[in-house]
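Colleague: As input, take model.cif (mmCIF, C-alpha atoms):
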data_upload
loop_
_atom_site.group_PDB
_atom_site.id
_atom_site.type_symbol
_atom_site.label_atom_id
_atom_site.label_comp_id
_atom_site.auth_asym_id
_atom_site.auth_seq_id
_atom_site.Cartn_x
_atom_site.Cartn_y
_atom_site.Cartn_z
ATOM 1 C CA MET A 1 67.448 -130.151 275.841
ATOM 2 C CA GLN A 2 67.786 -126.883 277.760
ATOM 3 C CA TYR A 3 67.005 -124.914 274.609
ATOM 4 C CA LEU A 4 63.848 -126.911 274.044
ATOM 5 C CA SER A 5 62.732 -126.382 277.638
ATOM 6 C CA ALA A 6 63.354 -122.651 277.360
ATOM 7 C CA PHE A 7 61.379 -122.501 274.110
ATOM 8 C CA VAL A 8 58.458 -124.368 275.648
ATOM 9 C CA LEU A 9 58.446 -122.032 278.630
ATOM 10 C CA LEU A 10 58.481 -118.952 276.396
ATOM 11 C CA LEU A 11 55.800 -120.208 274.023
ATOM 12 C CA PRO A 12 52.784 -119.538 276.287
ATOM 13 C CA SER A 13 53.753 -115.878 276.708
ATOM 14 C CA VAL A 14 54.158 -115.500 272.941
ATOM 15 C CA LEU A 15 50.738 -117.057 272.366
ATOM 16 C CA ALA A 16 49.191 -114.920 275.091
ATOM 17 C CA ALA A 17 50.474 -111.784 273.391
ATOM 18 C CA GLN A 18 48.780 -112.834 270.144
ATOM 19 C CA ALA A 19 45.552 -114.148 271.682
ATOM 20 C CA PRO A 20 42.390 -112.227 270.852
ATOM 21 C CA SER A 21 40.685 -110.352 273.640
ATOM 22 C CA PHE A 22 37.698 -112.156 275.080
ATOM 23 C CA VAL A 23 34.206 -110.958 274.266
ATOM 24 C CA LYS A 24 31.481 -112.217 276.567
ATOM 25 C CA PRO A 25 29.258 -114.733 274.735
ATOM 26 C CA ALA A 26 25.597 -114.148 274.076
ATOM 27 C CA ALA A 27 23.154 -114.453 276.948
ATOM 28 C CA GLY A 28 21.499 -117.538 275.519
ATOM 29 C CA PRO A 29 21.518 -119.953 272.590
ATOM 30 C CA LEU A 30 18.890 -117.964 270.692
ATOM 31 C CA ASP A 31 20.831 -114.700 270.927
ATOM 32 C CA ALA A 32 23.499 -113.725 268.400
ATOM 33 C CA SER A 33 26.991 -113.625 269.840
ATOM 34 C CA PRO A 34 29.032 -110.410 269.705
ATOM 35 C CA ASN A 35 31.982 -112.660 268.794
ATOM 36 C CA SER A 36 30.829 -112.797 265.183
ATOM 37 C CA GLY A 37 30.839 -109.991 262.659
ATOM 38 C CA GLY A 38 27.059 -110.055 262.362
ATOM 39 C CA PRO A 39 24.050 -112.298 262.705
ATOM 40 C CA SER A 40 25.623 -114.854 260.361
ATOM 41 C CA ASN A 41 28.929 -115.170 258.541
ATOM 42 C CA GLY A 42 27.334 -117.297 255.833
ATOM 43 C CA SER A 43 28.797 -120.542 257.117
ATOM 44 C CA LEU A 44 25.707 -122.649 256.467
ATOM 45 C CA PRO A 45 23.920 -121.179 253.433
ATOM 46 C CA LYS A 46 24.949 -122.619 250.065
ATOM 47 C CA PRO A 47 23.698 -121.777 246.568
ATOM 48 C CA SER A 48 21.833 -125.079 246.506
ATOM 49 C CA VAL A 49 20.644 -127.544 249.118
ATOM 50 C CA VAL A 50 21.800 -131.124 248.726
ATOM 51 C CA ALA A 51 18.860 -133.248 249.785
ATOM 52 C CA GLY A 52 19.818 -136.380 251.676
ATOM 53 C CA LYS A 53 18.278 -139.805 251.212
ATOM 54 C CA GLN A 54 17.262 -139.931 254.868
ATOM 55 C CA PHE A 55 18.142 -136.521 256.351
ATOM 56 C CA ASP A 56 18.557 -132.997 255.028
ATOM 57 C CA ARG A 57 20.435 -131.917 258.159
ATOM 58 C CA PHE A 58 22.911 -133.827 260.297
ATOM 59 C CA ILE A 59 23.719 -132.325 263.689
ATOM 60 C CA GLN A 60 25.976 -133.925 266.275
ATOM 61 C CA ILE A 61 25.694 -132.666 269.839
ATOM 62 C CA TRP A 62 28.497 -133.736 272.148
ATOM 63 C CA LEU A 63 28.074 -133.277 275.866
ATOM 64 C CA GLU A 64 31.489 -133.580 277.458
ATOM 65 C CA ASN A 65 31.446 -135.192 280.910
ATOM 66 C CA THR A 66 27.669 -135.598 280.941
ATOM 67 C CA ASP A 67 26.175 -138.996 281.667
ATOM 68 C CA PHE A 68 23.827 -140.352 279.005
ATOM 69 C CA GLU A 69 20.983 -140.791 281.490
ATOM 70 C CA SER A 70 21.286 -137.185 282.616
ATOM 71 C CA ALA A 71 21.241 -135.787 279.075
ATOM 72 C CA ASN A 72 18.543 -138.188 277.907
ATOM 73 C CA SER A 73 16.211 -137.137 280.723
ATOM 74 C CA THR A 74 16.194 -133.418 279.848
ATOM 75 C CA ALA A 75 13.163 -132.101 277.979
ATOM 76 C CA THR A 76 15.274 -130.399 275.294
ATOM 77 C CA PHE A 77 17.155 -133.536 274.298
ATOM 78 C CA ALA A 78 14.095 -135.756 274.623
ATOM 79 C CA ASN A 79 12.369 -133.456 272.128
ATOM 80 C CA LEU A 80 15.354 -133.526 269.758
ATOM 81 C CA ALA A 81 15.383 -137.327 269.872
ATOM 82 C CA THR A 82 11.836 -137.387 268.477
ATOM 83 C CA GLN A 83 13.005 -135.419 265.426
ATOM 84 C CA GLY A 84 15.853 -137.708 264.415
ATOM 85 C CA ILE A 85 17.741 -140.725 265.669
ATOM 86 C CA ARG A 86 19.639 -141.236 268.891
ATOM 87 C CA LEU A 87 22.876 -143.216 268.741
ATOM 88 C CA ASP A 88 22.598 -144.840 272.156
ATOM 89 C CA GLN A 89 25.112 -147.596 271.352
ATOM 90 C CA TYR A 90 27.924 -145.197 270.441
ATOM 91 C CA TYR A 91 30.921 -145.665 272.711
ATOM 92 C CA ALA A 92 34.365 -144.142 273.071
ATOM 93 C CA LEU A 93 37.356 -145.860 271.470
ATOM 94 C CA THR A 94 39.829 -144.943 274.178
ATOM 95 C CA HIS A 95 40.533 -142.453 276.933
ATOM 96 C CA PRO A 96 40.940 -139.451 277.407
ATOM 97 C CA SER A 97 38.866 -137.048 275.294
ATOM 98 C CA GLU A 98 40.962 -135.877 272.359
ATOM 99 C CA PRO A 99 41.623 -139.245 270.681
ATOM 100 C CA ASN A 100 37.876 -139.950 270.583
ATOM 101 C CA TYR A 101 37.059 -136.565 269.090
ATOM 102 C CA ALA A 102 39.780 -136.989 266.451
ATOM 103 C CA ALA A 103 38.440 -140.434 265.525
ATOM 104 C CA VAL A 104 34.925 -139.124 264.910
ATOM 105 C CA VAL A 105 36.258 -136.796 262.212
ATOM 106 C CA GLY A 106 39.130 -138.808 260.728
ATOM 107 C CA GLY A 107 38.209 -142.434 261.374
ATOM 108 C CA ASP A 108 41.152 -143.128 263.693
ATOM 109 C CA PHE A 109 42.755 -141.700 266.815
ATOM 110 C CA TRP A 110 46.248 -141.960 265.291
ATOM 111 C CA GLY A 111 47.901 -143.359 268.408
ATOM 112 C CA MET A 112 46.969 -140.422 270.639
ATOM 113 C CA ALA A 113 46.946 -141.308 274.319
ATOM 114 C CA ASP A 114 46.494 -137.881 275.904
ATOM 115 C CA ASP A 115 44.961 -134.428 275.426
ATOM 116 C CA ASN A 116 48.131 -132.657 274.262
ATOM 117 C CA LEU A 117 48.384 -130.272 271.308
ATOM 118 C CA TYR A 118 48.283 -132.238 268.051
ATOM 119 C CA ASN A 119 48.266 -131.219 264.415
ATOM 120 C CA ILE A 120 47.300 -134.170 262.260
ATOM 121 C CA PRO A 121 49.061 -133.782 258.873
ATOM 122 C CA SER A 122 47.190 -132.339 255.920
ATOM 123 C CA ASN A 123 47.439 -135.561 253.898
ATOM 124 C CA ILE A 124 44.934 -137.200 256.279
ATOM 125 C CA SER A 125 41.362 -136.957 254.986
ATOM 126 C CA THR A 126 38.385 -136.184 257.190
ATOM 127 C CA VAL A 127 34.620 -136.160 256.978
ATOM 128 C CA VAL A 128 34.997 -132.543 255.809
ATOM 129 C CA ASP A 129 36.529 -133.799 252.549
ATOM 130 C CA LEU A 130 33.605 -136.172 252.037
ATOM 131 C CA LEU A 131 31.031 -133.442 252.665
ATOM 132 C CA GLU A 132 32.683 -130.850 250.454
ATOM 133 C CA ALA A 133 33.148 -133.360 247.622
ATOM 134 C CA LYS A 134 29.336 -133.532 247.473
ATOM 135 C CA ASN A 135 28.885 -129.758 247.965
ATOM 136 C CA ILE A 136 27.356 -130.328 251.398
ATOM 137 C CA SER A 137 27.801 -127.431 253.790
ATOM 138 C CA TRP A 138 29.146 -127.907 257.295
ATOM 139 C CA ALA A 139 30.173 -125.862 260.308
ATOM 140 C CA SER A 140 31.507 -126.492 263.796
ATOM 141 C CA TYR A 141 30.148 -124.599 266.794
ATOM 142 C CA GLN A 142 32.313 -124.575 269.903
ATOM 143 C CA GLU A 143 31.426 -123.355 273.361
ATOM 144 C CA GLY A 144 33.697 -120.497 274.414
ATOM 145 C CA LEU A 145 35.513 -120.144 271.072
ATOM 146 C CA PRO A 146 36.816 -116.549 271.183
ATOM 147 C CA THR A 147 36.869 -115.843 267.428
ATOM 148 C CA ASP A 148 35.921 -117.604 264.213
ATOM 149 C CA GLY A 149 38.693 -119.973 263.141
ATOM 150 C CA TYR A 150 40.589 -119.836 266.434
ATOM 151 C CA ALA A 151 43.138 -122.683 266.422
ATOM 152 C CA GLY A 152 44.877 -122.094 269.752
ATOM 153 C CA PHE A 153 45.308 -124.813 272.364
ATOM 154 C CA SER A 154 42.925 -123.135 274.793
ATOM 155 C CA PHE A 155 41.462 -119.768 275.654
ATOM 156 C CA THR A 156 41.603 -118.407 279.190
ATOM 157 C CA SER A 157 40.462 -114.962 280.234
ATOM 158 C CA ALA A 158 38.942 -113.055 283.123
ATOM 159 C CA ASN A 159 35.973 -114.715 284.782
ATOM 160 C CA TYR A 160 33.152 -112.396 283.732
ATOM 161 C CA LEU A 161 30.721 -113.956 286.219
ATOM 162 C CA ASN A 162 33.007 -113.341 289.186
ATOM 163 C CA THR A 163 35.739 -110.757 288.698
ATOM 164 C CA ALA A 164 37.326 -111.740 292.032
ATOM 165 C CA ALA A 165 37.806 -115.327 290.839
ATOM 166 C CA PRO A 166 40.934 -116.467 289.004
ATOM 167 C CA PRO A 167 40.903 -116.477 285.189
ATOM 168 C CA TYR A 168 38.660 -119.102 283.632
ATOM 169 C CA THR A 169 39.381 -121.415 280.687
ATOM 170 C CA TYR A 170 36.437 -120.951 278.336
ATOM 171 C CA TYR A 171 37.618 -123.155 275.484
ATOM 172 C CA VAL A 172 39.928 -126.128 274.952
ATOM 173 C CA ARG A 173 40.997 -127.365 271.532
ATOM 174 C CA LYS A 174 40.823 -131.064 272.439
ATOM 175 C CA HIS A 175 37.020 -130.881 272.103
ATOM 176 C CA ASN A 176 37.181 -129.342 268.620
ATOM 177 C CA PRO A 177 38.119 -132.272 266.385
ATOM 178 C CA THR A 178 38.133 -130.718 262.930
ATOM 179 C CA ILE A 179 40.592 -127.984 263.934
ATOM 180 C CA ILE A 180 43.073 -130.696 265.021
ATOM 181 C CA TYR A 181 43.454 -131.677 261.355
ATOM 182 C CA ASP A 182 45.771 -129.483 259.271
ATOM 183 C CA SER A 183 43.645 -130.261 256.201
ATOM 184 C CA VAL A 184 40.949 -128.168 257.900
ATOM 185 C CA ALA A 185 42.821 -125.702 260.128
ATOM 186 C CA GLY A 186 45.341 -124.910 257.385
ATOM 187 C CA VAL A 187 42.669 -123.860 254.880
ATOM 188 C CA PRO A 188 41.326 -120.389 255.772
ATOM 189 C CA ALA A 189 37.858 -120.992 254.308
ATOM 190 C CA ARG A 190 37.515 -124.183 256.350
ATOM 191 C CA ALA A 191 38.985 -122.677 259.508
ATOM 192 C CA ALA A 192 36.438 -119.836 259.326
ATOM 193 C CA LEU A 193 33.623 -122.368 259.648
ATOM 194 C CA HIS A 194 34.570 -122.867 263.310
ATOM 195 C CA ARG A 195 32.314 -120.537 265.253
ATOM 196 C CA ASN A 196 31.215 -119.756 268.780
ATOM 197 C CA PHE A 197 28.326 -121.987 269.854
ATOM 198 C CA ASN A 198 26.130 -118.962 270.489
ATOM 199 C CA ASP A 199 26.127 -118.313 266.734
ATOM 200 C CA PHE A 200 24.475 -121.661 265.990
ATOM 201 C CA ALA A 201 20.964 -120.232 266.310
ATOM 202 C CA ALA A 202 21.788 -117.270 264.056
ATOM 203 C CA ASP A 203 23.262 -119.482 261.359
#
Would you write out, as structure tokens, the structure that this file holds?
Modeller:
Amino acid sequence: MQYLSAFVLLLPSVLAAQAPSFVKPAAGPLDASPNSGGPSNGSLPKPSVVAGKQFDRFIQIWLENTDFESANSTATFANLATQGIRLDQYYALTHPSEPNYAAVVGGDFWGMADDNLYNIPSNISTVVDLLEAKNISWASYQEGLPTDGYAGFSFTSANYLNTAAPPYTYYVRKHNPTIIYDSVAGVPARAALHRNFNDFAAD
């Protein structure tokens, strides 16, 4: 048990040594992020568009720790609701966050009861498999993701708004459900479709 404890204590320093340096995100959602290699890495365009029976685009917006009434009352989200449907009877399966995020992508929360680091085995299918089987493009945009395809547990760096403040955690993996699945994270082409949220407008 002492060896395991020592390994766990050493692991964060090993990961920190390999972590990418943080690049400040774009100023706003309509600005391209310097975290990407250009205005778009081609994550959304496909040779052909697969027209849906009801929708040609499906976008999920998750607001962590935001009450429904608060989000629903903002002009931006009220406008979006007029352009599609609002799932106002969608509820969590359990608590805390990560099991619910995992269930949205894979149909189950696989017995998770916390927000620890999980890698769901590659034999478990996800919505990504269903989309790609029909040649439907997809991408995941994550607030504070330091680089495309980043699969680390979290990303903490200097607080660029207040250099006197302690380091700030910009990203946590528990809110990025597709990267939890090895069938996605373990495939480089799929992993690359995980991008910083500021690149959403460019794509």
Colleague: Within 8 Å of stretch 167-186 of chain A, which residues of stretch 42-113 of chain A show up? Give each one with its shortest atom-to-atom distance in Å (one decimal) and the two atoms involved, counting all atoms listed in the file, rows by chain then rising residue number, as a Markdown table.
Modeller:
| residue | atom | partner | partner_atom | distance |
| --- | --- | --- | --- | --- |
| A:Ser97 | CA | A:Lys174 | CA | 6.9 |
| A:Glu98 | CA | A:Lys174 | CA | 4.8 |
| A:Tyr101 | CA | A:Pro177 | CA | 5.2 |
| A:Ala102 | CA | A:Pro177 | CA | 5.0 |
| A:Val104 | CA | A:Pro177 | CA | 7.7 |
| A:Val105 | CA | A:Thr178 | CA | 6.4 |
Colleague: So which residues get picked by the PyMOL selection byres ((chain A and resi 81-93) around 12) here, written as a VMD selection string?
Modeller: chain A and resid 54 to 62 64 67 to 69 71 to 80 94 to 104 107 to 113
Colleague: Selected by the PyMOL selection byres ((chain A and resi 159) around 12) in the shown coordinates: which residues, as a count of residues only?
Modeller: 18
Colleague: Any idea what the distance is between atom CA of A:Tyr141 and atom CA of A:Pro188?
Modeller: 16.3 Å
Colleague: I need the residue nearest A:Gly152 from this list: A:Val187, A:Ser122, A:Asn116, A:Glu132. Use only C-alpha atoms for the distance.
Modeller: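 Distance minimum relative to A:Gly152 lands on A:Asn116.
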